[in-house]
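Notes follow once the structure below has been shown.
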Amino acid sequence: MIRVAAVGDIHMGADSQGLLRPAFDTLPDCADLLLLAGDLTRHGTPEEAGVVAREVRGLAVPVVAVLGNHDHHDEQPEKVTEILQDADVTVLEGQATVFDCAGTRVGVAGTKGFGGGFVGRSAGEFGEPLMKEFVRYSRRCADGLRESLDELRERGCEARVALTHFSPVADTLAGEPLEIYPFLGSYLLAEAIDTGGADLAVHGHAHMGTEHGTTAGGVRVRNVAQPVIRRAFNVYQLHTADEAGR
């Protein structure tokens with residue numbers, strides 16, 4: 001059994017140092033890795049990224065992150081990524097990473113993702129160039145996630161997790177105003193997850209949403225935005241094929 005700790009939307013600023021570290025220091029007792037589902041900072045500044053980096057530096061479990069929209073606000077996502085990587089955080093955008101957790105190969109595929117809405121009420125590649133680019137950007141993010149999940153399957157991972165900031169399903173948005181659903185996620189991410197295959201999908205972004213959801217293909221989806229889970233992190237269990245057969 002693999003134990004995955006996850007949280008998103010921690011929105012750290014200059015006054016946040018030390019708020020989460022005591023809880024993170026307990027991770028070796030309850031989890032095998034920590035996933036950060038974007039919006040790690042308030043405004044995406046290097047200074048705020050430094051706060052996050054110090055909060056997770058030297059943890060006894062691997063840390064994997066994707067950026068969120070807040071982490072792009074200062075238009076320095078590359079610098080934010082660099083600062084986190086210097087603290088040994090694996091930052092993914094259309095990429096995958098693999099860990100050995102107690103002899104089990106666990107893979108994480110990640111992308112920030114983007115909006116566009118869900119089946120029946122979604123944006124299309126039609127009209128003005130800006131609208132077309134909006135949808136094409138969402139599609140590129142989803143394609144990167146699917147390709148990363150494919151890679152994890154080819155690398156023989158026994159457990160696979162999809163990590164995004166934007167939501168792949170409408171289920172976990174329940175509680176948010178319907179008018180903003182198209183800006184909270186895209187069905188394209190769910191299609192990528194179902195096509196590529198995953199045991200769990202985690203995301204953030206929807207502060208007023210709901211924790212539990214499922215893709216059309218039956219993959220568990222969990223909204224781990226901190227305002228939703230109301231704690232430093234939640235832990236989810238993944239059972240390997242060998243365990244499922246016992």
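Order determines the names: the first chain of the structure tokens is A, the second B, and so forth; residues in each chain are numbered 1 upward, and ligands are numbered 1 upward as they are shown.
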List as a ChimeraX atom specification the protein and nucleic acid residues near Arg54 (chain A), meaning an atom at most 12 Å away when only C-alpha atoms are counted, but skip any in the same chain fewer than 2 places from it. /A:12-14,16-21,24,47-52,56-59,83-89
Extract the full set of helix (DSSP H, G or I) residues from region 101-222 of chain A according to DSSP on the backbone, and format it as a PyMOL selection string. chain A and resi 129-154+171-173+178-183+187-196
Give me, as a list in words, all polymer residues having an atom no more than 8 Å from Ala159 (chain A), counting only C-alpha atoms and skipping those fewer than 2 positions away in the same chain. Thr104, Arg105, Val106, Gly107, Cys157, Val161, Ala198, Asp199, Leu238, His239 and Thr240 of chain A
Hey, what's within 7 Å of region 119-123 of chain A if we count only C-alpha atoms and toss same-chain stuff fewer than 4 positions away? As number ranges by chain, please? A: 135, 182, 187
Those residues you just picked out, can you put them in a file as a PDB file, in the first residue's frame with all heavy atoms?
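Below is the file that was written, again00.pdb:
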ATOM      1  N   VAL A 135      -8.462  27.455 -25.798  1.00  0.00           N
ATOM      2  CA  VAL A 135      -8.786  26.038 -25.824  1.00  0.00           C
ATOM      3  C   VAL A 135      -7.569  25.209 -26.208  1.00  0.00           C
ATOM      4  O   VAL A 135      -7.341  24.120 -25.653  1.00  0.00           O
ATOM      5  CB  VAL A 135      -9.956  25.776 -26.789  1.00  0.00           C
ATOM      6  CG1 VAL A 135     -10.266  24.290 -26.874  1.00  0.00           C
ATOM      7  CG2 VAL A 135     -11.188  26.555 -26.336  1.00  0.00           C
ATOM      8  N   PRO A 182     -16.195  27.006 -15.984  1.00  0.00           N
ATOM      9  CA  PRO A 182     -15.258  26.944 -17.107  1.00  0.00           C
ATOM     10  C   PRO A 182     -13.862  27.471 -16.775  1.00  0.00           C
ATOM     11  O   PRO A 182     -12.904  27.169 -17.498  1.00  0.00           O
ATOM     12  CB  PRO A 182     -15.935  27.817 -18.177  1.00  0.00           C
ATOM     13  CG  PRO A 182     -17.379  27.789 -17.822  1.00  0.00           C
ATOM     14  CD  PRO A 182     -17.407  27.776 -16.332  1.00  0.00           C
ATOM     15  N   TYR A 187     -12.738  19.249 -19.052  1.00  0.00           N
ATOM     16  CA  TYR A 187     -12.962  17.814 -19.279  1.00  0.00           C
ATOM     17  C   TYR A 187     -11.795  17.173 -20.031  1.00  0.00           C
ATOM     18  O   TYR A 187     -11.613  15.944 -19.986  1.00  0.00           O
ATOM     19  CB  TYR A 187     -14.266  17.603 -20.057  1.00  0.00           C
ATOM     20  CG  TYR A 187     -14.155  17.900 -21.532  1.00  0.00           C
ATOM     21  CD1 TYR A 187     -13.910  16.892 -22.452  1.00  0.00           C
ATOM     22  CD2 TYR A 187     -14.274  19.211 -22.011  1.00  0.00           C
ATOM     23  CE1 TYR A 187     -13.796  17.160 -23.809  1.00  0.00           C
ATOM     24  CE2 TYR A 187     -14.167  19.482 -23.353  1.00  0.00           C
ATOM     25  CZ  TYR A 187     -13.922  18.463 -24.250  1.00  0.00           C
ATOM     26  OH  TYR A 187     -13.794  18.731 -25.588  1.00  0.00           O
TER      27      TYR A 187
END
Separation of CA of Glu191 (chain A) from CA of Gly144 (chain A), in Å and rounded to one decimal: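 These two atoms are separated by 12.0 Å.
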What lies within 9 Å of Leu152 (chain A) using only C-alpha atoms, ignoring chain neighbours under 6 positions off, as a PyMOL selection string? chain A and resi 96-98+106-109+158-160+196
Dump N, CA and C atoms for the selected residues as a PDB file, in the first residue's frame?
ATOM      1  N   ALA A  96       6.788  13.523 -16.147  1.00  0.00           N
ATOM      2  CA  ALA A  96       6.523  12.461 -15.185  1.00  0.00           C
ATOM      3  C   ALA A  96       7.771  12.198 -14.355  1.00  0.00           C
ATOM      4  N   THR A  97       7.561  11.654 -13.175  1.00  0.00           N
ATOM      5  CA  THR A  97       8.671  11.272 -12.313  1.00  0.00           C
ATOM      6  C   THR A  97       8.313   9.975 -11.611  1.00  0.00           C
ATOM      7  N   VAL A  98       9.321   9.191 -11.243  1.00  0.00           N
ATOM      8  CA  VAL A  98       9.111   7.874 -10.654  1.00  0.00           C
ATOM      9  C   VAL A  98       9.889   7.764  -9.352  1.00  0.00           C
ATOM     10  N   VAL A 106       6.294   3.978  -8.039  1.00  0.00           N
ATOM     11  CA  VAL A 106       5.173   4.912  -8.037  1.00  0.00           C
ATOM     12  C   VAL A 106       5.483   6.053  -8.987  1.00  0.00           C
ATOM     13  N   GLY A 107       4.590   6.323  -9.912  1.00  0.00           N
ATOM     14  CA  GLY A 107       4.802   7.394 -10.875  1.00  0.00           C
ATOM     15  C   GLY A 107       3.818   8.526 -10.686  1.00  0.00           C
ATOM     16  N   VAL A 108       4.306   9.745 -10.883  1.00  0.00           N
ATOM     17  CA  VAL A 108       3.457  10.932 -10.824  1.00  0.00           C
ATOM     18  C   VAL A 108       3.593  11.681 -12.142  1.00  0.00           C
ATOM     19  N   ALA A 109       2.473  11.958 -12.792  1.00  0.00           N
ATOM     20  CA  ALA A 109       2.442  12.770 -14.009  1.00  0.00           C
ATOM     21  C   ALA A 109       1.744  14.077 -13.669  1.00  0.00           C
ATOM     22  N   GLU A 158       3.779   0.571 -10.879  1.00  0.00           N
ATOM     23  CA  GLU A 158       2.691  -0.208 -10.296  1.00  0.00           C
ATOM     24  C   GLU A 158       1.570   0.682  -9.767  1.00  0.00           C
ATOM     25  N   ALA A 159       1.870   1.949  -9.543  1.00  0.00           N
ATOM     26  CA  ALA A 159       0.858   2.912  -9.110  1.00  0.00           C
ATOM     27  C   ALA A 159       1.136   4.224  -9.821  1.00  0.00           C
ATOM     28  N   ARG A 160       0.060   4.874 -10.311  1.00  0.00           N
ATOM     29  CA  ARG A 160       0.220   6.115 -11.068  1.00  0.00           C
ATOM     30  C   ARG A 160      -0.750   7.169 -10.554  1.00  0.00           C
ATOM     31  N   GLY A 196      -4.768   7.759 -20.491  1.00  0.00           N
ATOM     32  CA  GLY A 196      -3.428   7.372 -20.050  1.00  0.00           C
ATOM     33  C   GLY A 196      -3.451   6.366 -18.921  1.00  0.00           C
TER      34      GLY A 196
END
Enumerate the residues of region 12-227 of chain A with a DSSP assignment of strand (DSSP E or B), computed from the backbone, and present them as a ChimeraX atom specification. /A:12,33-37,41,63-66,89-91,95-101,104-111,117-118,121-122,159-164,167,174,176,185-186,200-203,212-214,220-223,225
